[in-house]
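Novice: Got my_file04.cif for you, mmCIF, C-alpha atoms:
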data_my_file
#
loop_
_atom_site.label_atom_id
_atom_site.label_comp_id
_atom_site.auth_asym_id
_atom_site.auth_seq_id
_atom_site.Cartn_x
_atom_site.Cartn_y
_atom_site.Cartn_z
CA MET A 1 -26.03 -3.26 -190.30
CA ILE A 2 -28.79 -0.95 -191.59
CA PHE A 3 -31.43 -3.68 -191.54
CA GLN A 4 -30.81 -4.87 -187.99
CA VAL A 5 -33.48 -2.56 -186.56
CA CYS A 6 -36.07 -4.73 -188.36
CA ILE A 7 -35.01 -7.80 -186.40
CA LEU A 8 -36.11 -7.84 -182.77
CA LEU A 9 -34.13 -9.57 -180.07
CA THR A 10 -35.86 -12.08 -177.84
CA PHE A 11 -36.35 -11.03 -174.24
CA ARG A 12 -37.66 -13.01 -171.32
CA GLY A 13 -40.53 -12.09 -169.10
CA ARG A 14 -43.04 -9.31 -169.26
CA SER A 15 -40.65 -6.75 -170.78
CA ASN A 16 -40.51 -8.72 -174.02
CA SER A 17 -43.91 -7.49 -175.22
CA ASN A 18 -43.16 -3.90 -174.19
CA VAL A 19 -39.84 -3.88 -176.04
CA LYS A 20 -41.41 -5.30 -179.19
CA MET A 21 -44.25 -2.80 -179.14
CA GLY A 22 -41.80 0.06 -178.66
CA VAL A 23 -39.66 -0.98 -181.61
CA GLN A 24 -42.70 -1.57 -183.79
CA GLU A 25 -44.13 1.85 -183.04
CA ALA A 26 -40.76 3.46 -183.76
CA MET A 27 -40.70 1.76 -187.14
CA LEU A 28 -44.26 2.80 -187.96
CA SER A 29 -43.57 6.38 -186.92
CA LYS A 30 -41.02 6.61 -189.73
CA LEU A 31 -43.75 5.83 -192.23
CA LYS A 32 -46.16 8.25 -190.56
CA ALA A 33 -43.52 10.96 -190.97
CA VAL A 34 -43.68 10.42 -194.74
CA GLY A 35 -47.34 11.34 -194.55
CA LEU A 36 -50.34 10.77 -196.77
CA ASP A 37 -50.12 14.05 -198.67
CA LYS A 38 -49.93 13.95 -202.44
CA LYS A 39 -46.45 13.51 -203.90
CA GLU A 40 -46.77 13.89 -207.63
CA ARG A 41 -44.08 14.13 -210.26
CA VAL A 42 -44.42 16.82 -212.91
CA GLY A 43 -46.57 15.55 -215.76
CA HIS A 44 -48.17 12.72 -213.83
CA GLY A 45 -51.37 14.68 -213.42
CA ASP A 46 -52.09 14.18 -217.11
CA LEU A 47 -51.74 10.39 -217.01
CA LYS A 48 -54.33 7.76 -216.23
CA ARG A 49 -54.25 6.70 -212.59
CA ALA A 50 -53.43 3.48 -210.77
CA SER A 51 -52.64 2.70 -207.14
CA ILE A 52 -50.96 -0.11 -205.26
CA LEU A 53 -51.01 -1.08 -201.60
CA VAL A 54 -47.91 -2.28 -199.77
CA PRO A 55 -49.41 -4.29 -196.87
CA LEU A 56 -47.13 -4.53 -193.84
CA PHE A 57 -47.64 -6.69 -190.79
CA PHE A 58 -45.53 -7.96 -187.92
CA ARG A 59 -44.70 -11.66 -187.79
CA SER A 60 -42.70 -12.83 -184.78
CA GLY A 61 -41.73 -9.20 -184.20
CA ARG A 62 -40.41 -8.65 -187.72
CA ALA A 63 -41.80 -6.16 -190.21
CA THR A 64 -43.09 -8.26 -193.10
CA VAL A 65 -44.55 -7.40 -196.49
CA LEU A 66 -47.33 -9.30 -198.24
CA LEU A 67 -46.80 -9.87 -201.97
CA THR A 68 -48.79 -11.62 -204.67
CA GLN A 69 -48.11 -13.30 -207.97
CA ARG A 70 -50.36 -12.68 -210.94
CA PRO A 71 -51.77 -15.68 -212.84
CA ARG A 72 -49.42 -16.78 -215.60
CA ARG A 73 -52.29 -16.90 -218.10
CA MET A 74 -52.83 -13.12 -217.85
CA LYS A 75 -51.79 -11.15 -220.92
CA SER A 76 -50.64 -8.16 -218.84
CA HIS A 77 -47.76 -8.90 -216.44
CA GLY A 78 -48.67 -12.58 -216.31
CA GLY A 79 -46.71 -14.49 -213.63
CA GLU A 80 -45.12 -11.35 -212.21
CA VAL A 81 -44.84 -10.62 -208.49
CA CYS A 82 -46.57 -7.45 -207.38
CA CYS A 83 -48.42 -5.69 -204.61
CA PRO A 84 -52.22 -5.57 -204.62
CA GLY A 85 -53.32 -2.78 -206.91
CA GLY A 86 -54.76 -1.70 -210.22
CA LYS A 87 -56.27 1.04 -212.33
CA GLN A 88 -58.55 3.67 -210.88
CA ASP A 89 -62.27 3.14 -211.45
CA GLU A 90 -65.06 5.71 -211.61
CA GLU A 91 -66.36 4.44 -208.28
CA ASP A 92 -63.12 5.64 -206.64
CA GLY A 93 -64.07 9.26 -207.33
CA GLY A 94 -60.53 10.23 -208.24
CA ASP A 95 -59.26 9.15 -204.80
CA ASP A 96 -55.96 7.26 -205.15
CA LEU A 97 -56.19 5.75 -201.66
CA LYS A 98 -59.68 4.41 -202.34
CA THR A 99 -58.29 2.69 -205.42
CA ALA A 100 -55.54 0.99 -203.40
CA LEU A 101 -57.93 -0.15 -200.66
CA ARG A 102 -60.54 -1.41 -203.13
CA GLU A 103 -57.98 -3.40 -205.09
CA ALA A 104 -56.54 -4.97 -201.92
CA GLU A 105 -59.99 -6.18 -200.91
CA GLU A 106 -60.85 -7.42 -204.40
CA GLU A 107 -57.58 -9.31 -204.89
CA VAL A 108 -56.77 -10.82 -201.48
CA GLY A 109 -59.74 -10.02 -199.24
CA LEU A 110 -58.03 -7.44 -197.04
CA LYS A 111 -60.88 -5.30 -195.74
CA PRO A 112 -60.43 -1.52 -195.24
CA GLN A 113 -61.24 -1.81 -191.53
CA HIS A 114 -58.17 -4.04 -191.12
CA LEU A 115 -55.85 -1.60 -192.87
CA ARG A 116 -54.27 1.49 -191.34
CA PRO A 117 -52.83 3.71 -194.11
CA LEU A 118 -49.49 5.13 -192.99
CA ALA A 119 -47.69 6.65 -195.95
CA ARG A 120 -48.12 7.75 -199.53
CA LEU A 121 -44.98 7.45 -201.64
CA GLN A 122 -44.07 9.46 -204.70
CA SER A 123 -45.93 8.50 -207.83
CA VAL A 124 -44.05 6.57 -210.50
CA GLU A 125 -44.79 6.15 -214.18
CA SER A 126 -45.29 2.58 -215.33
CA LYS A 127 -44.24 1.18 -218.69
CA ASN A 128 -47.94 1.35 -219.62
CA ASN A 129 -47.92 5.13 -219.07
CA LEU A 130 -49.90 5.03 -215.84
CA ALA A 131 -49.22 7.29 -212.87
CA VAL A 132 -48.91 4.67 -210.12
CA THR A 133 -49.29 5.82 -206.52
CA PRO A 134 -47.96 3.45 -203.82
CA PHE A 135 -49.53 3.47 -200.37
CA VAL A 136 -48.15 1.68 -197.32
CA ALA A 137 -50.64 0.33 -194.79
CA LEU A 138 -50.40 -1.68 -191.59
CA VAL A 139 -52.55 -4.81 -191.43
CA ASP A 140 -54.20 -4.96 -188.02
CA PRO A 141 -54.72 -7.56 -186.67
CA PRO A 142 -51.61 -9.02 -188.34
CA GLU A 143 -53.05 -12.51 -188.78
CA MET A 144 -55.37 -11.09 -191.45
CA ALA A 145 -52.32 -10.81 -193.73
CA GLU A 146 -51.14 -14.37 -193.28
CA PRO A 147 -51.32 -16.07 -196.69
CA ASN A 148 -53.47 -18.91 -195.33
CA GLN A 149 -56.03 -16.39 -194.04
CA LEU A 150 -56.50 -14.46 -197.28
CA LYS A 151 -59.46 -14.72 -199.61
CA ILE A 152 -57.64 -15.03 -202.90
CA ASN A 153 -59.37 -13.92 -206.09
CA ALA A 154 -58.12 -16.60 -208.48
CA GLU A 155 -58.90 -14.39 -211.47
CA GLU A 156 -56.27 -11.88 -210.38
CA VAL A 157 -53.94 -13.73 -207.99
CA GLU A 158 -52.19 -17.07 -208.36
CA ASP A 159 -50.12 -17.01 -205.16
CA ALA A 160 -49.64 -14.89 -202.05
CA PHE A 161 -46.57 -14.96 -199.86
CA SER A 162 -44.72 -12.79 -197.34
CA VAL A 163 -41.12 -11.63 -197.00
CA PRO A 164 -39.36 -9.90 -194.06
CA LEU A 165 -38.64 -6.29 -195.05
CA SER A 166 -35.06 -6.53 -193.79
CA TRP A 167 -34.36 -9.21 -196.41
CA PHE A 168 -34.51 -6.58 -199.15
CA LEU A 169 -31.71 -4.55 -197.59
CA ASP A 170 -29.19 -7.37 -197.60
CA ASP A 171 -27.28 -7.06 -200.88
CA GLY A 172 -26.35 -10.72 -200.54
CA ASN A 173 -29.94 -11.54 -201.46
CA LEU A 174 -29.75 -9.76 -204.81
CA ASP A 175 -29.81 -11.94 -207.90
CA SER A 176 -28.82 -8.92 -210.00
CA ILE A 177 -28.64 -5.14 -209.89
CA MET A 178 -28.11 -2.70 -212.72
CA PRO A 179 -28.48 1.05 -213.27
CA MET A 180 -31.40 2.12 -215.41
CA GLU A 181 -32.82 5.38 -216.73
CA TRP A 182 -36.57 5.81 -216.99
CA ARG A 183 -38.41 8.97 -217.99
CA GLY A 184 -35.36 11.07 -217.15
CA ASP A 185 -34.79 9.49 -213.74
CA GLU A 186 -31.97 7.14 -212.81
CA PHE A 187 -32.47 4.25 -210.42
CA LEU A 188 -31.17 0.77 -209.69
CA LEU A 189 -33.07 -2.13 -211.19
CA ARG A 190 -32.99 -4.85 -208.52
CA THR A 191 -33.92 -8.49 -208.95
CA TYR A 192 -34.44 -10.89 -206.05
CA LEU A 193 -35.18 -14.61 -205.98
CA TRP A 194 -37.17 -15.46 -202.85
CA ASP A 195 -37.31 -19.12 -201.78
CA ASP A 196 -40.55 -19.22 -199.86
CA PRO A 197 -40.27 -21.62 -196.89
CA GLU A 198 -44.04 -22.07 -196.64
CA SER A 199 -44.97 -22.92 -200.23
CA GLN A 200 -41.55 -24.30 -201.22
CA LYS A 201 -41.79 -22.12 -204.34
CA GLN A 202 -39.32 -19.58 -205.69
CA PHE A 203 -40.57 -16.12 -206.62
CA LYS A 204 -38.81 -13.56 -208.78
CA ILE A 205 -39.23 -10.06 -207.37
CA TRP A 206 -38.01 -7.34 -209.70
CA GLY A 207 -38.88 -4.17 -211.58
CA LEU A 208 -41.28 -1.65 -210.05
CA THR A 209 -42.30 -4.00 -207.23
CA ALA A 210 -38.71 -4.53 -206.07
CA HIS A 211 -38.03 -0.79 -206.35
CA ILE A 212 -41.03 0.16 -204.20
CA VAL A 213 -40.57 -2.54 -201.55
CA HIS A 214 -36.85 -1.71 -201.26
CA SER A 215 -37.78 1.96 -200.79
CA VAL A 216 -40.20 1.04 -198.00
CA ALA A 217 -37.55 -1.13 -196.36
CA GLU A 218 -35.11 1.78 -196.40
CA ILE A 219 -37.66 4.01 -194.65
CA VAL A 220 -38.72 1.48 -192.02
CA CYS A 221 -35.43 -0.26 -191.29
CA SER A 222 -32.91 2.60 -191.36
#
Go ahead and express the file in the form of structure tokens.
Specialist:
Amino acid sequence: MIFQVCILLTFRGRSNSNVKMGVQEAMLSKLKAVGLDKKERVGHGDLKRASILVPLFFRSGRATVLLTQRPRRMKSHGGEVCCPGGKQDEEDGGDDLKTALREAEEEVGLKPQHLRPLARLQSVESKNNLAVTPFVALVDPPEMAEPNQLKINAEEVEDAFSVPLSWFLDDGNLDSIMPMEWRGDEFLLRTYLWDDPESQKQFKIWGLTAHIVHSVAEIVCS
């Protein structure tokens, strides 16, 4: 299956580490090939800016994505699952990557020195008319992305959890899928229900977050 490359086999002896490192580097090279150059849709240059960070790390040899849930009391997107991110501030100097890195540190305590930016995806327009730029970064060392190691900003984040990237490519994990048109583009609106084994909570992953994470999974795991 397409997602099998994201799942590493277990090997005995010294070669185990070498095999894992080789597969991991091969996966990361696919993101590096996407590059960090600007990928802007026509008309997005006139919109207000926002950026998100898709933090990847390896857990037991599997590519894993860190996600957060916004506090339910928030008026904007309250209770929704998302990636760290937010609107661009003046201090970012118009730099979309700086916005993504700043927001990741503010929300979950991921420091820039522990993040290796790998890819910049095409900007998307949010329902609030923001040009949202997704960046994918590797968390190194990986333990810095473990939910119990994060410094959660309770004003912006209610929960943090992680999901193996390959999980998003198994259609059996979809709760629903439907075609949708947005700003002249057609895409599939996916909804997932993730039963988190660590917190024993269920998280609904849908909308823009599901679209972006699924896109990253297709790049890394194909």
Novice: Go ahead and compute the interatomic distance for atom CA of A:Leu169 and atom CA of A:Thr99, in Å to one decimal.
Specialist: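 Atom-to-atom, atom CA of A:Leu169 and atom CA of A:Thr99 are spaced 28.6 Å apart.
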Novice: Could you list, as a PDB file with C-alpha atoms, keeping the file's coordinate frame, every residue matched by the PyMOL selection byres ((chain A and resi 45) around 12) in this structure?
Specialist:
ATOM      1  CA  LYS A  38     -49.930  13.950-202.440  1.00  0.00           C
ATOM      2  CA  LYS A  39     -46.450  13.510-203.900  1.00  0.00           C
ATOM      3  CA  GLU A  40     -46.770  13.890-207.630  1.00  0.00           C
ATOM      4  CA  ARG A  41     -44.080  14.130-210.260  1.00  0.00           C
ATOM      5  CA  VAL A  42     -44.420  16.820-212.910  1.00  0.00           C
ATOM      6  CA  GLY A  43     -46.570  15.550-215.760  1.00  0.00           C
ATOM      7  CA  HIS A  44     -48.170  12.720-213.830  1.00  0.00           C
ATOM      8  CA  ASP A  46     -52.090  14.180-217.110  1.00  0.00           C
ATOM      9  CA  LEU A  47     -51.740  10.390-217.010  1.00  0.00           C
ATOM     10  CA  LYS A  48     -54.330   7.760-216.230  1.00  0.00           C
ATOM     11  CA  ARG A  49     -54.250   6.700-212.590  1.00  0.00           C
ATOM     12  CA  ALA A  50     -53.430   3.480-210.770  1.00  0.00           C
ATOM     13  CA  GLY A  94     -60.530  10.230-208.240  1.00  0.00           C
ATOM     14  CA  SER A 123     -45.930   8.500-207.830  1.00  0.00           C
ATOM     15  CA  VAL A 124     -44.050   6.570-210.500  1.00  0.00           C
ATOM     16  CA  GLU A 125     -44.790   6.150-214.180  1.00  0.00           C
ATOM     17  CA  ASN A 129     -47.920   5.130-219.070  1.00  0.00           C
ATOM     18  CA  LEU A 130     -49.900   5.030-215.840  1.00  0.00           C
ATOM     19  CA  ALA A 131     -49.220   7.290-212.870  1.00  0.00           C
ATOM     20  CA  VAL A 132     -48.910   4.670-210.120  1.00  0.00           C
ATOM     21  CA  THR A 133     -49.290   5.820-206.520  1.00  0.00           C
TER      22      THR A 133
END
Novice: Applying the PyMOL selection byres ((chain A and resi 66) around 6) to the file I just gave you, which residues come out? Please list them as an MDAnalysis selection string.
Specialist: chainID A and resid 55 65 67 161:162
Novice: What's around A:Lys204 at 8 Å? Count only C-alpha atoms, leave out sequence neighbours fewer than 3 positions away in its own chain, and write the answer as a VMD selection string.
Specialist: chain A and resid 80 to 81 191 to 194
Novice: Mind checking which residues fall within 10 Å of A:Asp140, counting all atoms listed in the file, ignoring those fewer than 3 positions away in the same chain, and posting them as a list in words?
Specialist: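 After dropping sequence-adjacent residues, the list is Leu56, Phe57, Phe58, Gln113, His114, Leu115, Arg116, Ala137, Glu143, Met144 and Ala145 of chain A.
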Novice: Applied to this file, what does the PyMOL selection byres ((chain A and resi 59) around 9) return in terms of residues, put as a PyMOL selection string?
Specialist: chain A and resi 57-58+60-64+142-143+146+164
Novice: Compare A:Val139, A:Leu174, A:Cys82, A:Leu28 by their minimum atom-to-atom distance to A:Asp159, counting only C-alpha atoms, and give me the closest one.
Specialist: A:Cys82
Novice: Hey, can you check how far atom CA of A:Asp195 sits from atom CA of A:His77?
Specialist: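 Those two atoms sit 20.7 Å apart.
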Novice: What gap, in Å, lies between atom CA of A:Phe168 and atom CA of A:Ser51?
Specialist: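 Here the two named atoms are 21.9 Å from each other.
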Novice: Determine, counting only C-alpha atoms, which protein, DNA and RNA residues have an atom within 12 Å of an atom of A:Trp182; residues of the same chain fewer than 3 positions away are not included. Present the result as a ChimeraX atom specification.
Specialist: /A:124-127,129,179,185-189,207-208
Novice: Between A:Gln122, A:Ser29, A:Asn18, A:Gln88, which is the closest to A:Ile212 once you count all atoms listed in the file?
Specialist: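 Using all atoms listed in the file, A:Ile212 sits closest to A:Gln122.
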Novice: Just the residues within 7 Å of A:Ala210, please, counting all atoms listed in the file, with nothing from its chain fewer than 4 positions along; format it as a list in words.
Specialist: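 These residues fall inside the cut-off: Arg190, Thr191, Ile205, Trp206 and His214 of chain A.
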Novice: The selected residues should be written to file as a PDB file, keeping the file's coordinate frame (atoms: C-alpha atoms).
Specialist:
ATOM      1  CA  ARG A 190     -32.990  -4.850-208.520  1.00  0.00           C
ATOM      2  CA  THR A 191     -33.920  -8.490-208.950  1.00  0.00           C
ATOM      3  CA  ILE A 205     -39.230 -10.060-207.370  1.00  0.00           C
ATOM      4  CA  TRP A 206     -38.010  -7.340-209.700  1.00  0.00           C
ATOM      5  CA  HIS A 214     -36.850  -1.710-201.260  1.00  0.00           C
TER       6      HIS A 214
END
Novice: Can you put all heavy atoms back into stretch 22-33 of chain A and show it as a short mmCIF file (atom, residue, chain, number, x, y, z; two decimals), in the coordinates of the input?
Specialist:
data_model
loop_
_atom_site.label_atom_id
_atom_site.label_comp_id
_atom_site.auth_asym_id
_atom_site.auth_seq_id
_atom_site.Cartn_x
_atom_site.Cartn_y
_atom_site.Cartn_z
N GLY A 22 -42.53 -1.19 -178.52
CA GLY A 22 -41.80 0.06 -178.66
C GLY A 22 -41.05 0.14 -179.98
O GLY A 22 -41.06 1.18 -180.65
N VAL A 23 -40.40 -0.96 -180.35
CA VAL A 23 -39.66 -0.98 -181.61
C VAL A 23 -40.62 -0.90 -182.79
O VAL A 23 -40.37 -0.20 -183.76
CB VAL A 23 -38.80 -2.25 -181.70
CG1 VAL A 23 -38.13 -2.35 -183.06
CG2 VAL A 23 -37.74 -2.24 -180.60
N GLN A 24 -41.72 -1.61 -182.70
CA GLN A 24 -42.70 -1.57 -183.79
C GLN A 24 -43.25 -0.17 -184.00
O GLN A 24 -43.37 0.31 -185.13
CB GLN A 24 -43.83 -2.56 -183.50
CG GLN A 24 -43.40 -4.01 -183.59
CD GLN A 24 -44.51 -4.98 -183.21
OE1 GLN A 24 -45.68 -4.59 -183.08
NE2 GLN A 24 -44.15 -6.24 -183.02
N GLU A 25 -43.59 0.50 -182.93
CA GLU A 25 -44.13 1.85 -183.04
C GLU A 25 -43.08 2.82 -183.59
O GLU A 25 -43.41 3.73 -184.35
CB GLU A 25 -44.63 2.35 -181.68
CG GLU A 25 -45.95 1.73 -181.26
CD GLU A 25 -47.06 1.95 -182.27
OE1 GLU A 25 -47.17 3.08 -182.81
OE2 GLU A 25 -47.81 1.00 -182.54
N ALA A 26 -41.83 2.61 -183.23
CA ALA A 26 -40.76 3.46 -183.76
C ALA A 26 -40.64 3.28 -185.27
O ALA A 26 -40.42 4.23 -186.02
CB ALA A 26 -39.44 3.12 -183.07
N MET A 27 -40.77 2.03 -185.72
CA MET A 27 -40.70 1.76 -187.14
C MET A 27 -41.88 2.37 -187.88
O MET A 27 -41.73 2.98 -188.94
CB MET A 27 -40.65 0.24 -187.37
CG MET A 27 -39.36 -0.39 -186.85
SD MET A 27 -39.49 -2.18 -186.62
CE MET A 27 -39.73 -2.71 -188.30
N LEU A 28 -43.07 2.25 -187.31
CA LEU A 28 -44.26 2.80 -187.96
C LEU A 28 -44.24 4.32 -187.98
O LEU A 28 -44.75 4.94 -188.91
CB LEU A 28 -45.52 2.30 -187.22
CG LEU A 28 -45.77 0.80 -187.27
CD1 LEU A 28 -47.02 0.45 -186.47
CD2 LEU A 28 -45.89 0.30 -188.70
N SER A 29 -43.63 4.91 -186.97
CA SER A 29 -43.57 6.38 -186.92
C SER A 29 -42.75 6.94 -188.08
O SER A 29 -42.99 8.06 -188.54
CB SER A 29 -42.98 6.85 -185.59
OG SER A 29 -41.61 6.49 -185.48
N LYS A 30 -41.81 6.16 -188.58
CA LYS A 30 -41.02 6.61 -189.73
C LYS A 30 -41.90 6.70 -190.97
O LYS A 30 -41.73 7.60 -191.81
CB LYS A 30 -39.85 5.66 -189.98
CG LYS A 30 -38.84 5.63 -188.84
CD LYS A 30 -37.74 4.62 -189.12
CE LYS A 30 -36.74 4.56 -187.98
NZ LYS A 30 -35.66 3.57 -188.23
N LEU A 31 -42.83 5.77 -191.10
CA LEU A 31 -43.75 5.83 -192.23
C LEU A 31 -44.75 6.98 -192.06
O LEU A 31 -45.08 7.68 -193.01
CB LEU A 31 -44.49 4.50 -192.37
CG LEU A 31 -43.67 3.35 -192.93
CD1 LEU A 31 -44.41 2.03 -192.75
CD2 LEU A 31 -43.35 3.58 -194.39
N LYS A 32 -45.22 7.15 -190.82
CA LYS A 32 -46.16 8.25 -190.56
C LYS A 32 -45.53 9.60 -190.89
O LYS A 32 -46.21 10.52 -191.35
CB LYS A 32 -46.61 8.23 -189.10
CG LYS A 32 -47.46 7.03 -188.73
CD LYS A 32 -47.78 7.06 -187.24
CE LYS A 32 -48.54 5.82 -186.81
NZ LYS A 32 -48.80 5.79 -185.34
N ALA A 33 -44.22 9.71 -190.67
CA ALA A 33 -43.52 10.96 -190.97
C ALA A 33 -43.52 11.27 -192.46
O ALA A 33 -43.45 12.43 -192.87
CB ALA A 33 -42.09 10.89 -190.44
#
